[in-house]
Amino acid sequence: MAQTPRELVTRCLQFADPARLPRDLWLLPWATEHHAAAVTALARRFPTDFAGPPDVYRPSPRVRGDAYAVGQYVDEWGCVFTNIQAGVIGEVRQPLVDDPADWQRVEPPWETLPANPDQARDQVNRACASTDRFVRAGCCARPWERYQFIRGTVAAMLDLMDPTPGVAELLRQIHAFYLRELEFWVTTDVDAINFMDDWGSQHQLLIPPAMWRQWFAPLYRDYCDLARSHGKFVFMHSDGHISAIYEDLIDMGVHAVNSQLFCMDMADLGRRAKGRITFWGEIDRQHVLTAADPQVGRDAVRQVARHLYDPRGGIIAQFELGAGANPDVGAAIFEEWDQVHAEAQSATGDDAP
């Protein structure tokens with residue numbers, strides 16, 4: 001019997017021989033605006049194995065504007081983003097508070113959480129039952145990025161390096177909101193929860209690993225412990241060079257990590273993490289996905305496969321089509337991953353569908 005998308009992803013995460021690599025295509029509005037027909041054809045030919053639940057959040061009166069439009073956008077925390085390019089997200093120019101001692105002025109968006117958790121849970125559960133795809137929760141805790149949005153990136157870095165009164169309190173307040181949010185999702189029938197924070201520059205972690213372990217590892221461990229205690233898988237995203245914390249993520253219980261593999265030493269990652277965590281993509285956005293020749297995408301897949309592929313599982317064929325990306329390269333990436341897996345099955349005599 002053919003494996004359903006949910007079974008494919010689950011087997012991949014458990015290293016239990018998925019029939020093929022699960023697929024997860026991320027689309028920024030830029031891609032659908034500039035390559036509508038090609039993106040539609042790509043999604044039809046290589047349908048995703050993932051699904052999201054219905055939106056059970058309440059609207060926040062603080063939200064104003066469009067996050068992907070040129071101009072200003074105010075999010076549910078009251079952070080103001082300035083955007084100069086349509087189809088992507090802008091950045092915070094003015095901090096919400098100028099001094100972390102004023103942390104009590106920051107009001108988490110409690111009003112957005114479901115007013116009737118039982119009713120919202122039933123809505124989510126019915127949606128999960130209606131699909132054979134793997135469902136990730138409709139949340140994305142991001143304590144470090146939220147701290148940056150509130151204080152501004154430069155100020156946030158200085159806060160960690162030389163903590164003043166209010167820094168720990170602000171971070172705890174952010175964390176408390178995300179825990180409350182996750183406590184709802186782990187009681188639903190979703191297959192996994194998500195959290196994220198972009199921790200890497202092009203060549204190293206943004207802060208010393210010891211500082212990361214002091215301030216943020218305990219928060220992420222709380223998320224993982226909560227999810228695992230309810231039988232949920234844990235997915236994390238982090239851009240940049242994060243090899244210094246890969247083993248920390250494994251130890252705290254992350255099942256799948258979406259990271260920019262091409263910034264890092266893949267051979268080293270393979271030696272340290274292959275078979276211990278699922279590489280949830282991704283193929284390089286800077287040079288590969290923007291290439292004119294689809295062969296560049298095929299070569300990139302073979303590079304990842306050489307160091308990280310295991311036919312038992314541990315790789316999700318994921319990439320993002322954002323600004324400048326070529327959908328033809330995306331199609332070549334999915335084709336090549338299917339070919340890699342078919343070759344491995346043929347070599348072992350495995351005729352699984």
# chains A, B, ... in the order shown; residues from 1 in each chain; ligands from 1
$ residues_around --residues "Asp248 of chain A" --least-positions-apart "5" --cutoff "10 Å" --atoms "only C-alpha atoms" --output "list of chain:residue names"
A:Pro209, A:Arg213, A:Ala217, A:Arg221, A:Ser243, A:Gly253, A:Val254
$ write_last_selection --atoms "N, CA and C atoms" --output "PDB file, in the first residue's frame"
ATOM      1  N   PRO A 209      28.310  30.884  21.414  1.00  0.00           N
ATOM      2  CA  PRO A 209      27.475  29.721  21.756  1.00  0.00           C
ATOM      3  C   PRO A 209      27.157  29.624  23.249  1.00  0.00           C
ATOM      4  N   ARG A 213      23.459  29.377  24.873  1.00  0.00           N
ATOM      5  CA  ARG A 213      23.030  28.300  25.783  1.00  0.00           C
ATOM      6  C   ARG A 213      22.496  28.877  27.087  1.00  0.00           C
ATOM      7  N   ALA A 217      18.720  28.445  25.001  1.00  0.00           N
ATOM      8  CA  ALA A 217      18.531  26.996  25.032  1.00  0.00           C
ATOM      9  C   ALA A 217      17.453  26.576  26.030  1.00  0.00           C
ATOM     10  N   ARG A 221      14.178  24.371  25.039  1.00  0.00           N
ATOM     11  CA  ARG A 221      13.979  23.078  25.708  1.00  0.00           C
ATOM     12  C   ARG A 221      12.567  22.994  26.292  1.00  0.00           C
ATOM     13  N   SER A 243      26.038  25.820  12.810  1.00  0.00           N
ATOM     14  CA  SER A 243      26.585  24.491  13.119  1.00  0.00           C
ATOM     15  C   SER A 243      27.006  24.380  14.583  1.00  0.00           C
ATOM     16  N   GLY A 253      15.853  17.902  21.809  1.00  0.00           N
ATOM     17  CA  GLY A 253      14.693  17.180  21.314  1.00  0.00           C
ATOM     18  C   GLY A 253      14.081  17.686  20.027  1.00  0.00           C
ATOM     19  N   VAL A 254      14.794  18.527  19.258  1.00  0.00           N
ATOM     20  CA  VAL A 254      14.290  18.958  17.959  1.00  0.00           C
ATOM     21  C   VAL A 254      14.352  17.779  16.995  1.00  0.00           C
TER      22      VAL A 254
END
$ residues_around --residues "segment 43-59 of chain A" --least-positions-apart "4" --cutoff "6 Å" --atoms "only C-alpha atoms" --output "CSV table (one decimal) with N, CA and C atoms, in the first residue's frame"
chain,number,residue,atom,x,y,z
A,5,PRO,N,1.0,11.1,2.6
A,5,PRO,CA,1.9,12.1,3.0
A,5,PRO,C,2.2,12.1,4.5
A,23,ARG,N,8.1,16.3,0.6
A,23,ARG,CA,8.3,17.6,-0.1
A,23,ARG,C,7.7,18.7,0.7
A,24,ASP,N,8.3,19.8,0.7
A,24,ASP,CA,7.8,21.0,1.4
A,24,ASP,C,8.3,22.3,0.6
A,112,THR,N,-5.2,37.7,21.0
A,112,THR,CA,-5.3,36.9,19.7
A,112,THR,C,-5.5,35.5,20.0
A,113,LEU,N,-5.3,35.0,21.1
A,113,LEU,CA,-5.4,33.5,21.4
A,113,LEU,C,-6.9,33.2,21.4
A,114,PRO,N,-7.2,31.9,21.1
A,114,PRO,CA,-8.6,31.5,21.0
A,114,PRO,C,-9.5,31.9,22.2
A,120,ALA,N,-12.1,26.0,19.4
A,120,ALA,CA,-11.0,26.1,18.5
A,120,ALA,C,-10.3,24.8,18.3
A,124,VAL,N,-9.7,22.6,14.8
A,124,VAL,CA,-8.4,22.1,14.4
A,124,VAL,C,-8.5,20.6,14.2
A,133,ARG,N,-2.4,14.7,4.9
A,133,ARG,CA,-1.1,15.3,5.0
A,133,ARG,C,-0.6,15.5,6.4
A,134,PHE,N,0.6,15.8,6.6
A,134,PHE,CA,1.3,16.0,7.9
A,134,PHE,C,1.0,17.4,8.3
A,135,VAL,N,0.4,17.6,9.4
A,135,VAL,CA,-0.1,19.0,9.8
A,135,VAL,C,0.8,19.6,10.9
A,136,ARG,N,1.4,20.7,10.6
A,136,ARG,CA,2.2,21.5,11.5
A,136,ARG,C,1.3,22.6,12.2
$ select_by_dssp --residues "segment 180-279 of chain A" --states "helix (DSSP H, G or I)" --output "number ranges by chain"
A: 180-185, 209-215, 217-229, 243-252, 261-263, 266-273
$ write_last_selection --atoms "N, CA and C atoms" --output "compact mmCIF listing (two decimals), in the first residue's frame"
# COMPACT_ATOMS: atom_id res chain seq x y z
N ARG A 180 2.12 29.80 26.47
CA ARG A 180 0.66 29.73 26.52
C ARG A 180 0.09 29.34 25.15
N GLU A 181 0.66 29.92 24.11
CA GLU A 181 0.22 29.62 22.76
C GLU A 181 0.46 28.14 22.42
N LEU A 182 1.64 27.65 22.74
CA LEU A 182 1.97 26.25 22.43
C LEU A 182 1.15 25.28 23.28
N GLU A 183 0.81 25.69 24.49
CA GLU A 183 0.00 24.82 25.34
C GLU A 183 -1.35 24.51 24.70
N PHE A 184 -1.88 25.44 23.92
CA PHE A 184 -3.10 25.14 23.18
C PHE A 184 -2.82 24.13 22.07
N TRP A 185 -1.80 24.39 21.26
CA TRP A 185 -1.57 23.57 20.07
C TRP A 185 -1.19 22.12 20.40
N PRO A 209 28.31 30.88 21.41
CA PRO A 209 27.48 29.72 21.76
C PRO A 209 27.16 29.62 23.25
N ALA A 210 28.11 29.97 24.10
CA ALA A 210 27.86 29.89 25.54
C ALA A 210 26.74 30.84 25.95
N MET A 211 26.70 32.00 25.34
CA MET A 211 25.65 32.97 25.64
C MET A 211 24.30 32.47 25.12
N TRP A 212 24.32 31.85 23.94
CA TRP A 212 23.10 31.25 23.39
C TRP A 212 22.57 30.19 24.35
N ARG A 213 23.46 29.38 24.87
CA ARG A 213 23.03 28.30 25.78
C ARG A 213 22.50 28.88 27.09
N GLN A 214 23.03 29.99 27.52
CA GLN A 214 22.56 30.61 28.76
C GLN A 214 21.18 31.22 28.61
N TRP A 215 20.96 31.96 27.53
CA TRP A 215 19.74 32.74 27.39
C TRP A 215 18.61 32.01 26.68
N ALA A 217 18.72 28.45 25.00
CA ALA A 217 18.53 27.00 25.03
C ALA A 217 17.45 26.58 26.03
N PRO A 218 17.38 27.18 27.23
CA PRO A 218 16.32 26.77 28.17
C PRO A 218 14.91 27.04 27.64
N LEU A 219 14.75 28.11 26.86
CA LEU A 219 13.43 28.41 26.30
C LEU A 219 13.03 27.35 25.29
N TYR A 220 13.96 27.03 24.40
CA TYR A 220 13.66 26.03 23.37
C TYR A 220 13.45 24.65 23.98
N ARG A 221 14.18 24.37 25.04
CA ARG A 221 13.98 23.08 25.71
C ARG A 221 12.57 22.99 26.29
N ASP A 222 12.06 24.11 26.81
CA ASP A 222 10.68 24.13 27.30
C ASP A 222 9.71 23.78 26.17
N TYR A 223 9.92 24.35 24.98
CA TYR A 223 9.03 24.07 23.86
C TYR A 223 9.11 22.59 23.48
N CYS A 224 10.33 22.06 23.42
CA CYS A 224 10.50 20.65 23.04
C CYS A 224 9.89 19.72 24.08
N ASP A 225 10.13 20.00 25.35
CA ASP A 225 9.58 19.15 26.41
C ASP A 225 8.06 19.15 26.37
N LEU A 226 7.47 20.32 26.16
CA LEU A 226 6.02 20.42 26.09
C LEU A 226 5.47 19.61 24.92
N ALA A 227 6.10 19.75 23.76
CA ALA A 227 5.65 19.03 22.58
C ALA A 227 5.79 17.52 22.75
N ARG A 228 6.95 17.09 23.18
CA ARG A 228 7.19 15.65 23.31
C ARG A 228 6.31 15.01 24.37
N SER A 229 5.99 15.75 25.42
CA SER A 229 5.11 15.20 26.46
C SER A 229 3.71 14.96 25.95
N SER A 243 26.04 25.82 12.81
CA SER A 243 26.58 24.49 13.12
C SER A 243 27.01 24.38 14.58
N ALA A 244 27.35 25.49 15.22
CA ALA A 244 27.81 25.45 16.61
C ALA A 244 26.74 24.97 17.57
N ILE A 245 25.46 25.07 17.17
CA ILE A 245 24.39 24.67 18.10
C ILE A 245 23.59 23.46 17.59
N TYR A 246 24.04 22.84 16.52
CA TYR A 246 23.30 21.70 15.99
C TYR A 246 23.12 20.59 17.02
N GLU A 247 24.19 20.25 17.70
CA GLU A 247 24.09 19.17 18.68
C GLU A 247 23.23 19.56 19.88
N ASP A 248 23.21 20.85 20.21
CA ASP A 248 22.31 21.32 21.27
C ASP A 248 20.85 21.07 20.86
N LEU A 249 20.53 21.38 19.60
CA LEU A 249 19.16 21.18 19.13
C LEU A 249 18.78 19.71 19.17
N ILE A 250 19.72 18.85 18.81
CA ILE A 250 19.46 17.41 18.89
C ILE A 250 19.22 16.99 20.32
N ASP A 251 20.09 17.44 21.23
CA ASP A 251 20.00 17.04 22.63
C ASP A 251 18.71 17.52 23.29
N MET A 252 18.22 18.71 22.89
CA MET A 252 17.01 19.23 23.53
C MET A 252 15.74 18.63 22.95
N LEU A 261 22.11 25.05 4.78
CA LEU A 261 23.20 24.09 4.74
C LEU A 261 24.41 24.59 3.97
N PHE A 262 24.18 25.40 2.95
CA PHE A 262 25.27 25.82 2.08
C PHE A 262 26.14 26.91 2.71
N CYS A 263 25.73 27.44 3.86
CA CYS A 263 26.59 28.35 4.62
C CYS A 263 27.59 27.58 5.47
N MET A 266 29.07 20.95 5.18
CA MET A 266 28.12 19.83 5.17
C MET A 266 28.77 18.51 5.56
N ALA A 267 30.02 18.34 5.22
CA ALA A 267 30.71 17.11 5.61
C ALA A 267 30.79 17.01 7.14
N ASP A 268 31.09 18.14 7.78
CA ASP A 268 31.15 18.17 9.24
C ASP A 268 29.76 17.93 9.84
N LEU A 269 28.75 18.56 9.27
CA LEU A 269 27.38 18.34 9.76
C LEU A 269 26.99 16.87 9.64
N GLY A 270 27.37 16.26 8.53
CA GLY A 270 27.06 14.86 8.33
C GLY A 270 27.68 13.98 9.40
N ARG A 271 28.94 14.25 9.71
CA ARG A 271 29.63 13.45 10.73
C ARG A 271 28.98 13.61 12.10
N ARG A 272 28.48 14.81 12.39
CA ARG A 272 27.96 15.10 13.73
C ARG A 272 26.47 14.84 13.88
N ALA A 273 25.71 14.99 12.79
CA ALA A 273 24.25 15.00 12.95
C ALA A 273 23.49 14.02 12.07
$ residues_around --residues "segment 337-345 of chain A" --least-positions-apart "3" --cutoff "12 Å" --atoms "only C-alpha atoms" --output "PyMOL selection string"
chain A and resi 17-23+46+281+283+297-306+308-313+315-319+330-334+348-353
$ select_by_dssp --residues "segment 88-214 of chain A" --states "strand (DSSP E)" --output "PyMOL selection string"
chain A and resi 91-92+134-135+192-196
$ write_last_selection --atoms "C-alpha atoms" --output "short mmCIF file (atom, residue, chain, number, x, y, z; two decimals), in the first residue's frame"
data_model
loop_
_atom_site.label_atom_id
_atom_site.label_comp_id
_atom_site.auth_asym_id
_atom_site.auth_seq_id
_atom_site.Cartn_x
_atom_site.Cartn_y
_atom_site.Cartn_z
CA GLU A 91 12.33 45.49 9.08
CA VAL A 92 11.85 47.33 12.36
CA PHE A 134 1.27 16.00 7.88
CA VAL A 135 -0.11 18.98 9.82
CA ALA A 192 4.01 18.86 15.03
CA ILE A 193 4.70 22.26 16.52
CA ASN A 194 7.05 24.89 15.07
CA PHE A 195 9.39 27.44 16.50
CA MET A 196 12.09 29.59 14.93
#
$ atom_distance --atom1 "atom CA of His175 of chain A" --atom2 "atom CA of Phe149 of chain A"
14.3 Å
$ decode --residues "segment 74-89 of chain A" --atoms "C-alpha atoms" --output "CSV table (one decimal), in the first residue's frame"
chain,number,residue,atom,x,y,z
A,74,VAL,CA,2.2,47.1,12.5
A,75,ASP,CA,2.0,43.6,13.9
A,76,GLU,CA,0.0,42.2,16.8
A,77,TRP,CA,2.7,43.2,19.3
A,78,GLY,CA,2.6,46.8,18.1
A,79,CYS,CA,6.0,46.5,16.4
A,80,VAL,CA,6.3,48.7,13.3
A,81,PHE,CA,7.9,47.3,10.2
A,82,THR,CA,9.1,49.5,7.2
A,83,ASN,CA,9.1,47.7,3.8
A,84,ILE,CA,10.8,49.1,0.7
A,85,GLN,CA,10.1,46.0,-1.6
A,86,ALA,CA,6.8,44.4,-2.3
A,87,GLY,CA,6.5,40.7,-1.8
A,88,VAL,CA,8.9,40.4,1.1
A,89,ILE,CA,8.8,41.5,4.8
